[in-house]
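Text of model_18.txt (compact mmCIF, C-alpha atoms) as supplied:
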```
# COMPACT_ATOMS: atom_id res chain seq x y z
CA MET N 6 -45.43 65.45 -55.86
CA GLY N 7 -46.29 69.01 -54.89
CA ARG N 8 -49.59 70.68 -54.18
CA SER N 9 -50.71 70.74 -57.79
CA ALA N 10 -50.02 67.03 -58.18
CA ILE N 11 -51.34 65.84 -54.84
CA LEU N 12 -54.56 67.81 -55.03
CA ALA N 13 -54.82 67.51 -58.80
CA ILE N 14 -57.09 70.50 -59.32
CA VAL N 15 -57.85 71.42 -55.75
CA THR N 16 -57.39 74.62 -53.84
CA VAL N 17 -59.63 73.33 -51.06
CA MET N 18 -57.43 71.98 -48.25
CA CYS N 19 -58.00 68.36 -47.32
CA LEU N 20 -57.87 67.79 -43.55
CA PHE N 21 -57.60 64.63 -41.53
CA ALA N 22 -58.18 63.69 -37.93
CA LEU N 23 -55.66 61.15 -36.70
CA VAL N 24 -53.47 60.16 -33.82
CA THR N 25 -50.02 58.59 -33.93
CA VAL N 26 -49.04 55.27 -32.38
CA ARG N 27 -46.21 55.19 -29.87
CA GLY N 28 -43.73 52.36 -29.60
CA ALA N 29 -42.18 52.34 -33.06
CA ASP N 30 -38.93 50.80 -31.83
CA THR N 31 -36.03 49.56 -33.92
CA ASP N 32 -37.80 46.25 -34.55
CA ALA N 33 -40.95 47.86 -35.94
CA PRO N 34 -41.48 47.72 -39.72
CA PHE N 35 -40.24 50.84 -41.48
CA ALA N 36 -41.08 51.94 -45.02
CA ALA N 37 -38.47 53.72 -47.14
CA ALA N 38 -39.95 55.12 -50.34
CA PRO N 39 -40.15 54.16 -53.10
CA PHE N 40 -42.18 50.98 -52.56
CA ASP N 41 -45.06 49.46 -54.51
CA ALA N 42 -48.61 48.45 -53.53
CA ARG N 43 -47.59 44.90 -52.64
CA ALA N 44 -44.84 46.16 -50.31
CA ALA N 45 -47.25 48.72 -48.82
CA ALA N 46 -49.76 46.01 -47.93
CA GLN N 47 -47.02 43.82 -46.45
CA LEU N 48 -45.74 46.71 -44.34
CA GLN N 49 -49.24 47.34 -43.04
CA GLN N 50 -49.65 43.69 -42.08
CA GLU N 51 -46.26 43.57 -40.38
CA THR N 52 -46.92 46.81 -38.50
CA ALA N 53 -50.31 45.54 -37.34
CA ALA N 54 -48.73 42.31 -36.07
CA HIS N 55 -45.95 44.21 -34.31
CA LEU N 56 -48.43 46.50 -32.53
CA ASP N 57 -51.06 43.80 -32.00
CA GLU N 58 -53.57 46.07 -33.75
CA PRO N 59 -55.72 45.48 -36.86
CA VAL N 60 -54.86 46.96 -40.24
CA VAL N 61 -58.43 48.29 -40.46
CA ARG N 62 -60.52 49.52 -37.53
CA THR N 63 -64.18 50.52 -37.47
CA ILE N 64 -65.51 53.07 -34.97
CA ASP N 65 -69.24 53.30 -34.22
CA LEU N 66 -70.27 56.97 -34.12
CA GLY N 67 -73.93 56.29 -33.33
CA ASP N 68 -76.98 57.14 -35.45
CA GLY N 69 -75.92 54.45 -37.92
CA ALA N 70 -72.60 56.14 -38.70
CA GLN N 71 -69.32 54.26 -38.67
CA LEU N 72 -65.75 55.42 -39.24
CA GLU N 73 -63.33 53.10 -41.04
CA LEU N 74 -59.64 53.58 -40.31
CA VAL N 75 -56.49 52.27 -41.99
CA LEU N 76 -53.11 51.70 -40.36
CA ILE N 77 -50.26 53.64 -42.00
CA PRO N 78 -46.75 52.30 -41.24
CA ALA N 79 -43.84 54.48 -40.19
CA GLY N 80 -41.49 55.45 -42.98
CA ARG N 81 -39.31 57.89 -44.86
CA PHE N 82 -40.09 59.76 -48.09
CA ASP N 83 -39.10 62.76 -50.20
CA MET N 84 -41.56 65.58 -49.50
CA GLY N 85 -42.27 68.23 -52.13
CA SER N 86 -41.43 68.29 -55.82
CA ALA N 87 -38.55 69.33 -58.06
CA PRO N 88 -38.77 72.02 -60.80
CA PRO N 89 -39.06 69.58 -63.75
CA GLU N 90 -42.44 68.31 -62.52
CA GLU N 91 -45.35 69.37 -64.73
CA ALA N 92 -47.69 72.03 -63.24
CA ARG N 93 -45.41 72.42 -60.22
CA GLU N 94 -45.86 75.56 -58.11
CA ASN N 95 -42.99 77.59 -56.64
CA ASP N 96 -43.79 76.76 -53.00
CA GLU N 97 -43.54 72.99 -53.54
CA GLY N 98 -39.82 72.82 -52.92
CA PRO N 99 -37.14 72.29 -52.11
CA VAL N 100 -37.54 68.53 -51.92
CA ARG N 101 -36.53 67.29 -48.46
CA ARG N 102 -36.21 63.85 -46.93
CA VAL N 103 -38.79 63.44 -44.15
CA THR N 104 -39.15 60.65 -41.60
CA ILE N 105 -42.55 59.67 -40.17
CA SER N 106 -41.22 57.97 -37.07
CA LYS N 107 -44.44 56.39 -35.79
CA PRO N 108 -47.30 54.54 -37.49
CA PHE N 109 -50.79 56.03 -37.31
CA TYR N 110 -54.39 55.37 -38.29
CA LEU N 111 -56.10 57.43 -40.99
CA GLY N 112 -59.67 57.42 -42.30
CA ARG N 113 -60.20 55.30 -45.40
CA PHE N 114 -62.62 57.88 -46.84
CA GLU N 115 -63.47 61.54 -46.51
CA VAL N 116 -65.79 62.24 -43.58
CA THR N 117 -69.34 61.91 -44.87
CA GLN N 118 -72.31 64.08 -43.98
CA THR N 119 -73.76 61.15 -42.01
CA GLN N 120 -70.58 60.93 -39.93
CA TRP N 121 -70.40 64.70 -39.54
CA LYS N 122 -74.00 65.01 -38.33
CA ALA N 123 -73.56 62.12 -35.88
CA LEU N 124 -71.21 64.36 -33.90
CA MET N 125 -72.00 67.92 -34.98
CA ARG N 126 -75.79 67.38 -35.30
CA ARG N 127 -76.11 69.55 -38.41
CA THR N 128 -74.34 70.33 -41.66
CA ARG N 129 -74.40 73.26 -44.05
CA SER N 130 -72.81 71.31 -46.90
CA ASP N 131 -73.51 72.82 -50.29
CA PHE N 132 -74.27 69.40 -51.79
CA LYS N 133 -76.63 67.29 -49.70
CA GLY N 134 -76.33 63.52 -49.39
CA ALA N 135 -75.63 60.98 -46.66
CA ASP N 136 -72.63 59.46 -48.49
CA LEU N 137 -71.34 62.76 -49.84
CA PRO N 138 -68.29 64.31 -48.14
CA ALA N 139 -68.97 67.03 -45.58
CA ASP N 140 -68.02 70.25 -47.37
CA ALA N 141 -68.23 73.94 -46.42
CA VAL N 142 -66.38 73.11 -43.18
CA ARG N 143 -64.30 75.81 -41.51
CA TRP N 144 -60.98 75.08 -39.81
CA ALA N 145 -62.37 75.71 -36.30
CA GLU N 146 -65.23 73.30 -37.02
CA ALA N 147 -62.77 70.62 -38.11
CA VAL N 148 -60.96 71.03 -34.79
CA GLU N 149 -64.28 70.88 -32.94
CA PHE N 150 -65.18 67.68 -34.79
CA CYS N 151 -61.92 66.13 -33.57
CA THR N 152 -62.56 67.38 -30.02
CA ARG N 153 -66.07 65.92 -29.88
CA LEU N 154 -64.91 62.63 -31.29
CA SER N 155 -62.07 62.49 -28.76
CA GLU N 156 -64.49 63.13 -25.90
CA ARG N 157 -66.99 60.58 -27.16
CA GLU N 158 -64.48 57.79 -27.71
CA HIS N 159 -62.10 58.70 -24.86
CA GLU N 160 -59.35 58.69 -27.47
CA THR N 161 -57.36 61.47 -29.09
CA PHE N 162 -58.14 62.67 -32.59
CA ARG N 163 -56.12 65.46 -34.19
CA LEU N 164 -55.44 67.04 -37.54
CA PRO N 165 -52.27 65.86 -39.29
CA THR N 166 -49.07 67.58 -40.15
CA GLU N 167 -48.59 68.29 -43.83
CA ALA N 168 -45.81 65.69 -43.88
CA GLU N 169 -48.09 62.99 -42.47
CA TRP N 170 -50.75 63.79 -45.04
CA GLU N 171 -48.37 63.79 -48.02
CA TYR N 172 -46.72 60.57 -46.86
CA ALA N 173 -50.13 58.86 -46.64
CA CYS N 174 -51.19 60.27 -50.00
CA ARG N 175 -48.02 59.18 -51.77
CA ALA N 176 -48.20 55.66 -50.27
CA GLY N 177 -44.67 54.82 -51.35
CA SER N 178 -44.79 56.54 -54.74
CA THR N 179 -42.25 59.06 -55.99
CA THR N 180 -44.26 60.07 -59.05
CA ARG N 181 -46.47 63.05 -59.84
CA TYR N 182 -49.54 61.20 -58.59
CA SER N 183 -49.77 58.26 -56.21
CA PHE N 184 -50.59 56.04 -59.21
CA GLY N 185 -47.88 57.35 -61.56
CA ASP N 186 -47.08 60.30 -63.81
CA ASP N 187 -49.76 59.83 -66.47
CA ALA N 188 -52.60 62.30 -65.83
CA SER N 189 -54.88 60.34 -68.18
CA PHE N 190 -55.42 57.84 -65.33
CA LEU N 191 -56.56 60.56 -62.93
CA VAL N 192 -60.20 59.92 -63.84
CA GLN N 193 -59.90 56.49 -62.19
CA HIS N 194 -58.69 58.01 -58.92
CA ALA N 195 -60.31 61.42 -58.50
CA TRP N 196 -63.26 63.71 -59.07
CA PHE N 197 -62.14 66.95 -60.68
CA ASN N 198 -63.33 69.65 -63.06
CA THR N 199 -63.67 67.47 -66.16
CA ASN N 200 -65.59 64.56 -64.60
CA SER N 201 -67.36 65.90 -61.50
CA ASN N 202 -70.10 68.01 -63.09
CA HIS N 203 -68.99 70.63 -60.56
CA ARG N 204 -70.40 68.82 -57.54
CA THR N 205 -69.27 66.31 -54.93
CA HIS N 206 -69.85 62.56 -55.26
CA PRO N 207 -70.26 59.66 -52.81
CA VAL N 208 -66.99 58.75 -51.11
CA GLY N 209 -65.02 55.67 -52.12
CA ARG N 210 -66.19 55.47 -55.73
CA LYS N 211 -62.68 56.01 -57.09
CA ALA N 212 -59.66 53.71 -56.79
CA ALA N 213 -57.69 53.65 -53.55
CA ASN N 214 -53.96 54.29 -53.28
CA ALA N 215 -51.48 51.64 -52.14
CA PHE N 216 -52.36 52.18 -48.46
CA GLY N 217 -56.06 51.70 -49.18
CA LEU N 218 -57.02 55.40 -48.88
CA HIS N 219 -59.64 56.81 -51.25
CA ASP N 220 -60.25 60.28 -52.70
CA MET N 221 -56.76 61.57 -52.00
CA HIS N 222 -56.69 63.56 -55.24
CA GLY N 223 -59.17 66.08 -56.61
CA ARG N 224 -61.89 68.42 -55.28
CA ARG N 225 -60.84 71.89 -56.53
CA LEU N 226 -64.44 72.45 -57.55
CA LEU N 227 -65.27 73.31 -53.91
CA SER N 228 -63.00 76.33 -53.71
CA ARG N 229 -64.39 79.77 -52.83
CA PRO N 230 -62.30 82.83 -52.03
CA ALA N 231 -64.76 84.09 -49.37
CA ARG N 232 -64.92 80.92 -47.29
CA ARG N 233 -62.31 78.33 -46.44
CA LEU N 234 -63.82 75.01 -47.45
CA LEU N 235 -62.46 71.83 -45.99
CA VAL N 236 -63.04 68.15 -46.61
CA LEU N 237 -62.27 65.92 -43.67
CA HIS N 238 -60.62 62.56 -43.32
CA SER N 239 -60.36 61.01 -39.90
CA GLY N 240 -58.41 58.41 -37.94
CA VAL N 241 -57.84 57.17 -34.42
CA VAL N 242 -56.15 54.61 -32.20
CA PRO N 243 -57.71 53.23 -29.01
CA VAL N 244 -56.93 54.78 -25.65
CA GLY N 245 -55.57 52.75 -22.77
CA LYS N 246 -53.69 50.19 -24.84
CA PRO N 247 -49.89 49.89 -24.80
CA GLY N 248 -48.00 51.74 -27.49
CA LEU N 249 -50.26 54.74 -27.96
CA GLU N 250 -49.54 58.45 -27.95
CA HIS N 251 -52.11 61.13 -27.20
CA THR N 252 -51.16 64.50 -28.62
CA ALA N 253 -53.17 67.05 -30.53
CA TYR N 254 -52.08 69.82 -32.83
CA PRO N 255 -53.31 71.31 -36.11
CA ARG N 256 -51.67 70.98 -39.45
```

What is this file in structure tokens?
Amino acid sequence: MGRSAILAIVTVMCLFALVTVRGADTDAPFAAAPFDARAAAQLQQETAAHLDEPVVRTIDLGDGAQLELVLIPAGRFDMGSAPPEEARENDEGPVRRVTISKPFYLGRFEVTQTQWKALMRRTRSDFKGADLPADAVRWAEAVEFCTRLSEREHETFRLPTEAEWEYACRAGSTTRYSFGDDASFLVQHAWFNTNSNHRTHPVGRKAANAFGLHDMHGRRLLSRPARRLLVLHSGVVPVGKPGLEHTAYPR
């Protein structure tokens, strides 16, 4: 799965705020792709039990906004795509084996305009709506969002590495898309040029991947050459509990 497959028809970069969990010792559950949805759910449950953390967390952002987070287990996967893959681009290889050594939390949905405004106080999204994803977001603003959330919650939010994002998107799959190779099923999982009417839509309306993450494919319709447009996901782990790491760096 390379850029064309992961993003389906997107040139807009999808960003996430997250923080990794320390303490992934030799006894912690470890996922080695490929694995199916049932195995993914079991790994999440086992990781949660090992860390004494929930699989799903909810953070109150104030102003009626809440952030729902999903635990992603540690694991190993093949990053990139090989030349036979349909619509593959030249910079999607070579395929390399990558290890995500520590579990982390990741937002279940794209950051909505309600969530964005709870911290940033305003939005210049092109398409207005409380449940619509925050679009027209610059990289520096995404970092600022993470900084403000970290300060508010006394926890560390950061943007992910590309490997962390692709691992979460794949969710154990080794196919072109997280749900398989057949592009005819993409309409069930993503908004893109043939079904979006060239606008954004409320988050979470499409099927989730095996880790329970929504809207991981699609969104090219937001691309503009003059302005870098970003759609945010977010995640966090609580500060002050055993087994947590607090680092911050951009993708």

**Request:** Give the answer as one residue: which of N:Ser155, N:Gln71, N:Ser189, N:Ser86 has the shortest atom-to-atom distance to N:Val116, using all atoms listed in the file?
**Result:** N:Gln71

**Asked** Looking at N:His206, N:Phe190, N:Phe40, N:Cys174, which one is nearest to N:Lys133, with distances taken over all atoms listed in the file?
**Response**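 When distances to N:Lys133 are compared using all atoms listed in the file, the smallest one comes from N:His206.
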
**Message:** Given the point (-71.8, 66.7, -35.1) in the coordinates of this file, which residues lie within 12 Å, counting only C-alpha atoms, and how would they look as a ChimeraX atom specification?
**Reply:** /N:66-68,70,116-129,139,142,146-154,157

**Item:** atom CA of N:Ala79 to atom CA of N:Leu48, straight-line distance in Å
**Value:**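 Between these atoms lies a distance of 9.0 Å.
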
**Message:** For stretch 98-108 of chain N, find every residue with an atom within 6 Å (counting only C-alpha atoms), except residues of its own chain fewer than 5 positions away, and show them as a list in words.
**Reply:** Val26, Ala29, Ile77, Pro78, Ala79, Gly80, Arg81, Phe82, Asp83, Met84, Gly85 and Ser86 of chain N

**Prompt:** Which distance in Å separates atom CA of N:Arg163 and atom CA of N:Asp140, to one decimal?
**Reply:**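 Taking atom CA of N:Arg163 as the start and atom CA of N:Asp140 as the end point, the length is 18.4 Å.
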
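For the pair atom CA of N:Leu164 and atom CA of N:Pro88, the separation is 29.0 Å.
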
**Selected residue, from N:Ala173, N:Val75, N:Ala212, N:Met221, that lies nearest to N:Val192 when counting only C-alpha atoms** = N:Ala212

**Request:** Extract, using all atoms listed in the file, all DNA, RNA and protein residues at most 9 Å from N:His194, discarding same-chain residues fewer than 4 positions from it, and format them as a PyMOL selection string.
**Result:** chain N and resi 184+190+210-214+219-223

**Request:** Please identify all polymer residues within 10 Å of N:Ala54, counting all atoms listed in the file, omitting same-chain residues fewer than 5 positions from it, and present them as a VMD selection string.
**Result:** chain N and resid 33 to 34 48 to 49 59 to 60
